[in-house]
$ cat data-v6.cif   # mmCIF, C-alpha atoms and all ligand atoms
data_entry
#
loop_
_atom_site.label_atom_id
_atom_site.label_comp_id
_atom_site.auth_asym_id
_atom_site.auth_seq_id
_atom_site.Cartn_x
_atom_site.Cartn_y
_atom_site.Cartn_z
CA MET U 1 -4.56 8.96 -7.42
CA GLN U 2 -7.73 7.47 -8.73
CA GLU U 3 -7.72 4.87 -11.40
CA VAL U 4 -9.90 5.76 -14.34
CA VAL U 5 -12.17 3.31 -16.04
CA PRO U 6 -12.52 4.97 -19.42
CA VAL U 7 -15.50 4.56 -21.69
CA GLU U 8 -13.34 5.46 -24.64
CA CYS U 9 -9.66 5.95 -24.10
CA LYS U 10 -7.53 8.17 -26.29
CA THR U 11 -4.56 6.21 -27.51
CA ARG U 12 -1.26 7.81 -28.36
CA LYS U 13 0.01 4.94 -30.44
CA ALA U 14 3.25 5.36 -32.31
CA VAL U 15 2.81 4.83 -36.04
CA PRO U 16 5.36 2.23 -37.13
CA SER U 17 7.81 3.39 -39.74
CA GLU U 18 7.48 1.88 -43.25
CA ALA U 19 10.52 -0.26 -42.60
CA LEU U 20 8.91 -1.95 -39.62
CA LYS U 21 5.49 -2.55 -41.08
CA GLU U 22 6.28 -6.08 -42.28
CA GLU U 23 7.72 -7.09 -38.89
CA ALA U 24 5.97 -8.06 -35.69
CA ALA U 25 5.24 -5.17 -33.34
CA PRO U 26 7.67 -4.61 -30.46
CA GLY U 27 6.59 -6.81 -27.58
CA LEU U 28 5.80 -9.62 -29.99
CA ARG U 29 9.33 -10.06 -31.29
CA GLY U 30 10.55 -12.85 -29.04
CA PRO U 31 11.00 -16.44 -30.16
CA SER U 32 8.13 -17.58 -32.37
CA GLU U 33 8.05 -21.10 -30.93
CA GLY U 34 7.35 -22.45 -27.47
CA GLU U 35 4.40 -22.35 -25.11
CA GLU U 36 3.07 -18.89 -24.31
CA LEU U 37 3.25 -18.23 -20.58
CA ILE U 38 2.54 -14.50 -20.58
CA ARG U 39 0.38 -12.52 -23.01
CA LEU U 40 -0.46 -8.87 -22.56
CA ASP U 41 -2.98 -7.79 -25.17
CA ASN U 42 -3.17 -4.02 -25.68
CA VAL U 43 -2.97 -3.34 -21.95
CA TYR U 44 -3.69 0.10 -20.49
CA LYS U 45 -3.26 1.34 -16.94
CA ILE U 46 -4.64 4.83 -16.59
CA TYR U 47 -4.64 7.08 -13.54
CA GLN U 48 -6.51 10.34 -13.11
CA MET U 49 -4.49 12.84 -11.04
CA GLY U 50 -6.79 15.86 -10.75
CA GLU U 51 -6.76 17.35 -14.23
CA GLU U 52 -3.95 15.14 -15.44
CA THR U 53 -4.42 11.67 -16.94
CA VAL U 54 -1.42 9.37 -16.55
CA HIS U 55 -1.04 6.49 -18.98
CA ALA U 56 1.24 4.28 -16.87
CA ALA U 57 0.72 1.52 -19.45
CA ASP U 58 -0.33 2.81 -22.82
CA GLY U 59 -1.29 -0.09 -25.08
CA VAL U 60 1.29 -2.71 -24.13
CA SER U 61 1.26 -5.98 -26.09
CA LEU U 62 3.83 -8.55 -25.01
CA VAL U 63 4.24 -12.30 -25.38
CA ILE U 64 6.75 -14.23 -23.27
CA ARG U 65 7.26 -17.95 -23.91
CA ARG U 66 8.50 -20.81 -21.77
CA ASN U 67 12.22 -20.72 -21.01
CA GLU U 68 12.77 -17.12 -22.10
CA MET U 69 14.86 -14.77 -19.99
CA VAL U 70 13.55 -11.27 -20.66
CA ALA U 71 14.74 -7.97 -19.21
CA ILE U 72 12.26 -5.09 -19.08
CA VAL U 73 14.18 -1.82 -19.07
CA GLY U 74 13.24 1.86 -19.06
CA GLN U 75 13.80 5.11 -17.23
CA SER U 76 12.23 5.96 -13.90
CA GLY U 77 8.50 6.49 -14.40
CA SER U 78 8.42 4.70 -17.77
CA GLY U 79 5.98 2.04 -16.57
CA LYS U 80 8.19 -0.95 -15.65
CA SER U 81 6.64 -1.61 -12.26
CA THR U 82 3.17 -1.05 -13.70
CA CYS U 83 3.81 -3.85 -16.21
CA MET U 84 5.47 -6.00 -13.56
CA ASN U 85 2.50 -5.61 -11.20
CA ILE U 86 0.12 -6.66 -13.94
CA ILE U 87 2.31 -9.62 -14.98
CA GLY U 88 2.61 -10.58 -11.29
CA CYS U 89 -1.19 -10.47 -10.79
CA LEU U 90 -0.73 -7.76 -8.17
CA ASP U 91 -2.77 -5.33 -10.26
CA VAL U 92 -5.24 -5.54 -13.14
CA PRO U 93 -5.29 -3.52 -16.36
CA THR U 94 -7.69 -0.59 -16.73
CA ARG U 95 -8.32 -1.91 -20.21
CA GLY U 96 -6.94 -4.77 -22.31
CA LYS U 97 -6.37 -8.44 -21.51
CA TYR U 98 -3.75 -10.35 -19.58
CA TYR U 99 -3.38 -14.11 -20.02
CA LEU U 100 -1.13 -16.11 -17.69
CA GLU U 101 -0.54 -19.70 -18.80
CA GLY U 102 -3.55 -19.31 -21.08
CA GLU U 103 -5.90 -18.07 -18.34
CA ASP U 104 -7.54 -14.66 -18.57
CA VAL U 105 -6.44 -12.84 -15.41
CA SER U 106 -8.11 -9.52 -16.31
CA GLY U 107 -11.51 -10.56 -15.01
CA MET U 108 -10.39 -12.62 -12.00
CA SER U 109 -11.40 -11.95 -8.40
CA ASP U 110 -8.69 -11.16 -5.81
CA ASP U 111 -8.81 -14.73 -4.52
CA GLN U 112 -8.47 -16.21 -7.98
CA GLN U 113 -5.52 -13.89 -8.65
CA ALA U 114 -3.88 -14.99 -5.40
CA ASP U 115 -4.35 -18.60 -6.47
CA ILE U 116 -2.78 -18.21 -9.87
CA ARG U 117 0.00 -16.08 -8.32
CA ASN U 118 0.86 -18.88 -5.87
CA ARG U 119 0.77 -21.47 -8.60
CA SER U 120 2.59 -19.77 -11.43
CA LEU U 121 4.88 -17.06 -10.09
CA GLY U 122 7.91 -16.67 -7.84
CA PHE U 123 8.97 -13.15 -6.82
CA ILE U 124 12.40 -11.67 -6.15
CA PHE U 125 12.58 -8.09 -4.86
CA GLN U 126 15.35 -5.51 -4.59
CA GLN U 127 15.20 -5.49 -0.76
CA TYR U 128 14.92 -9.31 -0.51
CA ASN U 129 11.75 -8.96 1.66
CA LEU U 130 12.82 -11.71 4.08
CA ILE U 131 11.00 -11.92 7.42
CA PRO U 132 13.62 -10.93 10.05
CA LYS U 133 12.12 -13.08 12.82
CA LEU U 134 12.15 -16.29 10.78
CA ASP U 135 15.32 -18.24 10.01
CA VAL U 136 16.43 -18.95 6.45
CA LEU U 137 14.62 -22.28 6.16
CA GLU U 138 11.36 -20.84 7.56
CA ASN U 139 11.55 -17.91 5.14
CA VAL U 140 11.86 -20.25 2.17
CA GLU U 141 9.03 -22.44 3.49
CA LEU U 142 6.62 -19.52 3.85
CA PRO U 143 5.10 -19.57 0.33
CA LEU U 144 4.68 -23.33 0.68
CA ILE U 145 2.56 -22.82 3.79
CA TYR U 146 0.25 -20.57 1.73
CA LYS U 147 0.07 -23.37 -0.81
CA GLY U 148 -1.12 -25.79 1.88
CA ILE U 149 1.83 -28.17 1.54
CA SER U 150 2.56 -30.57 4.44
CA GLU U 151 5.34 -29.76 6.89
CA ARG U 152 7.52 -32.65 5.84
CA GLU U 153 7.30 -31.83 2.14
CA ARG U 154 7.85 -28.14 2.93
CA HIS U 155 11.14 -28.92 4.64
CA GLU U 156 12.30 -31.06 1.75
CA ARG U 157 11.38 -28.58 -0.93
CA ALA U 158 12.83 -25.61 0.93
CA LYS U 159 16.09 -27.47 1.51
CA ALA U 160 16.28 -28.48 -2.15
CA ALA U 161 15.76 -24.84 -3.18
CA LEU U 162 18.47 -23.64 -0.76
CA ASP U 163 20.79 -26.29 -2.12
CA ARG U 164 20.11 -25.12 -5.67
CA VAL U 165 21.42 -21.66 -4.84
CA GLY U 166 24.32 -23.03 -2.80
CA ILE U 167 23.26 -21.78 0.61
CA LEU U 168 21.89 -24.84 2.38
CA SER U 169 24.57 -24.60 5.09
CA LYS U 170 22.97 -21.31 6.27
CA MET U 171 19.47 -22.73 6.71
CA HIS U 172 19.38 -22.09 10.46
CA ASN U 173 20.83 -18.58 10.26
CA MET U 174 18.66 -15.52 10.74
CA PRO U 175 18.54 -13.12 7.74
CA SER U 176 20.48 -10.48 9.72
CA GLN U 177 23.38 -12.92 9.97
CA LEU U 178 23.78 -13.03 6.18
CA SER U 179 25.43 -10.73 3.63
CA GLY U 180 23.25 -8.91 1.08
CA GLY U 181 24.18 -11.39 -1.66
CA GLN U 182 23.37 -14.33 0.61
CA GLN U 183 20.02 -12.78 1.55
CA GLN U 184 19.22 -12.36 -2.12
CA ARG U 185 20.09 -16.01 -2.70
CA VAL U 186 17.64 -16.95 0.07
CA SER U 187 14.98 -14.87 -1.64
CA ILE U 188 15.75 -16.67 -4.93
CA ALA U 189 15.37 -20.00 -3.09
CA ARG U 190 12.03 -18.77 -1.70
CA ALA U 191 10.89 -17.91 -5.24
CA LEU U 192 11.96 -21.37 -6.43
CA ALA U 193 10.56 -23.45 -3.60
CA GLY U 194 7.00 -23.55 -4.94
CA ASP U 195 8.42 -24.63 -8.32
CA PRO U 196 6.63 -21.92 -10.30
CA PRO U 197 7.21 -21.82 -14.05
CA ILE U 198 7.90 -18.06 -13.96
CA ILE U 199 10.29 -16.02 -11.80
CA LEU U 200 9.68 -12.26 -11.65
CA ALA U 201 12.65 -10.26 -10.40
CA ASP U 202 12.20 -6.51 -9.76
CA GLU U 203 15.64 -4.85 -9.63
CA PRO U 204 17.15 -7.97 -8.01
CA THR U 205 20.65 -6.48 -7.99
CA GLY U 206 19.60 -2.94 -7.06
CA ALA U 207 20.94 -3.21 -3.50
CA LEU U 208 24.08 -5.24 -4.29
CA ASP U 209 27.68 -4.34 -5.14
CA SER U 210 28.84 -5.18 -8.65
CA HIS U 211 30.63 -8.42 -7.74
CA THR U 212 27.63 -9.78 -5.83
CA SER U 213 25.31 -8.56 -8.60
CA GLN U 214 27.24 -10.64 -11.13
CA GLU U 215 26.91 -13.65 -8.84
CA VAL U 216 23.13 -13.22 -8.46
CA LEU U 217 22.71 -12.68 -12.21
CA GLY U 218 24.77 -15.83 -12.76
CA PHE U 219 22.27 -17.72 -10.60
CA LEU U 220 19.34 -16.35 -12.58
CA GLN U 221 21.03 -17.36 -15.83
CA ARG U 222 21.66 -20.84 -14.48
CA LEU U 223 18.04 -21.22 -13.38
CA ASN U 224 17.01 -20.15 -16.86
CA ALA U 225 19.35 -22.72 -18.41
CA GLU U 226 17.71 -25.31 -16.12
CA GLY U 227 14.26 -24.43 -17.49
CA ASN U 228 12.83 -21.51 -15.49
CA THR U 229 11.30 -18.59 -17.36
CA ILE U 230 12.66 -15.32 -16.00
CA VAL U 231 11.37 -11.76 -16.26
CA LEU U 232 13.83 -9.25 -14.90
CA ILE U 233 13.13 -5.57 -14.32
CA THR U 234 16.09 -3.24 -14.29
CA HIS U 235 17.11 0.30 -15.16
CA ASP U 236 20.70 -0.95 -15.70
CA MET U 237 21.61 -1.94 -19.29
CA GLU U 238 24.63 -3.96 -18.07
CA VAL U 239 22.27 -6.09 -15.99
CA ALA U 240 19.74 -6.32 -18.84
CA LYS U 241 22.37 -7.65 -21.23
CA LYS U 242 22.52 -10.86 -19.19
CA ALA U 243 18.99 -11.65 -20.43
CA LYS U 244 18.36 -13.31 -23.78
CA ARG U 245 15.85 -10.63 -24.77
CA ILE U 246 15.46 -6.96 -23.87
CA VAL U 247 12.14 -5.09 -23.96
CA ARG U 248 12.45 -1.33 -23.49
CA ILE U 249 9.55 0.76 -22.21
CA ALA U 250 9.15 4.54 -22.50
CA ASP U 251 6.05 6.51 -21.52
CA GLY U 252 4.09 3.32 -20.92
CA ARG U 253 4.81 1.86 -24.36
CA ILE U 254 7.18 -0.78 -25.66
CA VAL U 255 9.62 1.07 -27.93
CA GLU U 256 12.26 -1.59 -28.46
CA ASP U 257 12.36 -5.40 -28.31
CA PHE U 258 15.38 -7.43 -29.36
CA MET U 259 17.36 -10.62 -28.74
CA THR U 260 20.77 -10.07 -27.14
CA GLY U 261 22.54 -13.32 -27.98
CA ALA U 262 23.13 -13.96 -24.27
CA GLY U 263 22.62 -17.57 -23.21
CA SER U 264 22.97 -18.83 -26.77
CA GLU U 265 26.71 -19.64 -26.52
CA GLY U 266 27.35 -23.12 -27.83
CA LYS U 267 23.70 -23.58 -28.77
CA GLU U 268 22.11 -23.43 -32.16
CA ARG U 269 19.87 -20.38 -32.45
CA SER U 270 16.35 -21.33 -33.40
CA SER U 271 15.52 -17.89 -34.76
N1 LIG U 301 -1.02 4.63 -8.09
C1 LIG U 301 -0.64 5.55 -8.97
N2 LIG U 301 -1.32 6.71 -9.08
C2 LIG U 301 -0.96 7.62 -9.99
N3 LIG U 301 0.07 7.52 -10.84
C3 LIG U 301 0.80 6.38 -10.77
C4 LIG U 301 0.48 5.35 -9.84
N4 LIG U 301 1.38 4.35 -10.01
C5 LIG U 301 2.22 4.73 -10.99
N5 LIG U 301 1.87 5.96 -11.45
C6 LIG U 301 2.53 6.71 -12.53
O1 LIG U 301 2.69 5.83 -13.65
C7 LIG U 301 3.93 6.05 -14.29
C8 LIG U 301 4.71 4.75 -14.34
O2 LIG U 301 5.07 4.36 -13.01
P1 LIG U 301 5.94 3.05 -12.70
O3 LIG U 301 5.96 2.90 -11.23
O4 LIG U 301 5.40 1.92 -13.50
O5 LIG U 301 7.38 3.46 -13.25
P2 LIG U 301 8.77 2.66 -13.21
O6 LIG U 301 9.24 2.51 -14.62
O7 LIG U 301 8.62 1.42 -12.42
O8 LIG U 301 9.74 3.69 -12.46
P3 LIG U 301 10.96 3.42 -11.41
O9 LIG U 301 12.15 2.99 -12.24
O10 LIG U 301 11.16 4.78 -10.81
O11 LIG U 301 10.52 2.40 -10.43
C9 LIG U 301 4.62 7.17 -13.50
O12 LIG U 301 4.38 8.37 -14.17
C10 LIG U 301 3.93 7.14 -12.17
O13 LIG U 301 3.94 8.41 -11.58
MG MG U 302 9.46 0.76 -10.54
#
$ encode --input "data-v6.cif" --output "structure tokens"
Amino acid sequence: MQEVVPVECKTRKAVPSEALKEEAAPGLRGPSEGEELIRLDNVYKIYQMGEETVHAADGVSLVIRRNEMVAIVGQSGSGKSTCMNIIGCLDVPTRGKYYLEGEDVSGMSDDQQADIRNRSLGFIFQQYNLIPKLDVLENVELPLIYKGISERERHERAKAALDRVGILSKMHNMPSQLSGGQQQRVSIARALAGDPPIILADEPTGALDSHTSQEVLGFLQRLNAEGNTIVLITHDMEVAKKAKRIVRIADGRIVEDFMTGAGSEGKERSS
């Protein structure tokens, strides 16, 4: 499972049909206004598995602007997590550029990546990833400790985040004393506590029943309405439809990119 650093990499780019030639490429079809938070520029992630070369990302170009709510969908093995790991500064492209809030992440050291990750991103995972030995408040405070924030301010910010997701009354519970939906709300509060501009959610409803999933998606939509930019990974089209924009990946490439109309009720569409 060795990553390849190619001298020259063979691309398997799809040739756009005549009808699409005048339009922006998929991945660049979101709103045309607003500050760019995420820009993937022709990103490749290539693995060499013995004789086989795997293009986990195969020339991905994607722009996400402030206050978007974007779902990245695709079948198992299509490259969703690969893109998510790059967007989340957990991995770097084999080739191509990644800019987060205007900064070129591609050439950053591990420490610099950790810095920008702490500053700009909040993560929500399928399995919540709460620390079982810490209570709810301590779990939410954890990323603030990494940020070097004082104890007093940590308490205040963690409580405010728990309040935002309606679960402040459980702050002294242990994670095991909460339902799955409540645990996911704690993990959303943890992502929010550092006040990052971008929330990355990897299958956030994957472990929840449909009622609780709707509730958690409702929270994400509300956070988006309040100004957070949200990138949501899912294999479930029903979940994806809650986002304002859907980007579909197949074989490491963006094959579809469209606005859903979600979240625009009662608002004038700008595009
Ligand atoms: N470390 C690695 N070494 C080799 N191949 C890898 C590695 N990581 C991912 N791949 C391959 O890259 C492709 C994309 O994987 P990725 O994990 O991004 O898919 P995914 O869309 O997230 O799938 P799932 O829905 O199952 O999580 C797959 O073919 C996978 O086998
Ligand atoms: Mg995955």
$ atom_distance --input "data-v6.cif" --atom1 "atom CA of U:Ala25" --atom2 "atom CA of U:Phe123"
27.9 Å
$ atom_distance --input "data-v6.cif" --atom1 "atom CA of U:Asp58" --atom2 "atom CA of U:Pro197"
27.2 Å
$ atom_distance --input "data-v6.cif" --atom1 "atom CA of U:Glu103" --atom2 "atom CA of U:Asn67"
18.5 Å
$ closest_residue --input "data-v6.cif" --among "U:Asp257, U:Glu138, U:Asp111, U:Glu52" --to "ligand LIG 301 (chain U)" --atoms "only C-alpha atoms and all ligand atoms"
U:Glu52
$ axis_aligned_box --input "data-v6.cif" --around "ligand LIG 301 (chain U)" --padding-each-side "3 Å" --output "AutoDock Vina command-line options"
--center_x 5.4 --center_y 4.9 --center_z -11.4 --size_x 19.5 --size_y 13.0 --size_z 12.5
$ closest_residue --input "data-v6.cif" --among "U:Ser213, U:Thr205, U:Ser176, U:Asn85" --to "ligand LIG 301 (chain U)" --atoms "only C-alpha atoms and all ligand atoms"
U:Asn85
$ residues_near_ligand --input "data-v6.cif" --ligand "ligand LIG 301 (chain U)" --cutoff "7 Å" --atoms "all atoms listed in the file" --output "PyMOL selection string"
chain U and resi 1-2+47-49+54-56+74-83+235+252
$ closest_residue --input "data-v6.cif" --among "U:Gln127, U:Ile149, U:Leu232, U:Ile254" --to "U:Met84" --atoms "all atoms listed in the file"
U:Leu232
$ closest_residue --input "data-v6.cif" --among "U:Val73, U:Leu40, U:Ile167, U:Ile87" --to "ligand MG 302 (chain U)" --atoms "only C-alpha atoms and all ligand atoms"
U:Val73
$ closest_residue --input "data-v6.cif" --among "U:Phe125, U:Phe258, U:Phe219, U:Tyr146" --to "ligand MG 302 (chain U)" --atoms "all atoms listed in the file"
U:Phe125
$ residues_around --input "data-v6.cif" --residues "U:Glu151" --least-positions-apart "4" --cutoff "12 Å" --atoms "all atoms listed in the file" --output "PyMOL selection string"
chain U and resi 137-138+141-142+144-147+155-158
$ write_last_selection --input "data-v6.cif" --atoms "C-alpha atoms" --output "PDB file, keeping the file's coordinate frame"
ATOM      1  CA  LEU U 137      14.620 -22.280   6.160  1.00  0.00           C
ATOM      2  CA  GLU U 138      11.360 -20.840   7.560  1.00  0.00           C
ATOM      3  CA  GLU U 141       9.030 -22.440   3.490  1.00  0.00           C
ATOM      4  CA  LEU U 142       6.620 -19.520   3.850  1.00  0.00           C
ATOM      5  CA  LEU U 144       4.680 -23.330   0.680  1.00  0.00           C
ATOM      6  CA  ILE U 145       2.560 -22.820   3.790  1.00  0.00           C
ATOM      7  CA  TYR U 146       0.250 -20.570   1.730  1.00  0.00           C
ATOM      8  CA  LYS U 147       0.070 -23.370  -0.810  1.00  0.00           C
ATOM      9  CA  HIS U 155      11.140 -28.920   4.640  1.00  0.00           C
ATOM     10  CA  GLU U 156      12.300 -31.060   1.750  1.00  0.00           C
ATOM     11  CA  ARG U 157      11.380 -28.580  -0.930  1.00  0.00           C
ATOM     12  CA  ALA U 158      12.830 -25.610   0.930  1.00  0.00           C
TER      13      ALA U 158
END
$ closest_residue --input "data-v6.cif" --among "U:Glu256, U:Glu36, U:Glu238, U:Glu68" --to "U:Gln214" --atoms "all atoms listed in the file"
U:Glu238
$ residues_near_point --input "data-v6.cif" --point "(-6.6, -8.1, -27.5)" --cutoff "7 Å" --atoms "all atoms listed in the file" --output "ChimeraX atom specification"
/U:41-42,96-97
$ write_last_selection --input "data-v6.cif" --atoms "C-alpha atoms" --output "compact mmCIF listing (two decimals), in the coordinates of the input"
# COMPACT_ATOMS: atom_id res chain seq x y z
CA ASP U 41 -2.98 -7.79 -25.17
CA ASN U 42 -3.17 -4.02 -25.68
CA GLY U 96 -6.94 -4.77 -22.31
CA LYS U 97 -6.37 -8.44 -21.51
$ residues_around --input "data-v6.cif" --residues "U:Gly166" --least-positions-apart "3" --cutoff "12 Å" --atoms "all atoms listed in the file" --output "list in words"
Lys159, Ala160, Ala161, Leu162, Asp163, Ser169, Lys170, Met171, Gly181, Gln182, Gln183, Gln184, Arg185, Val186, Ile188, Ala189, Glu215, Val216 and Phe219 of chain U
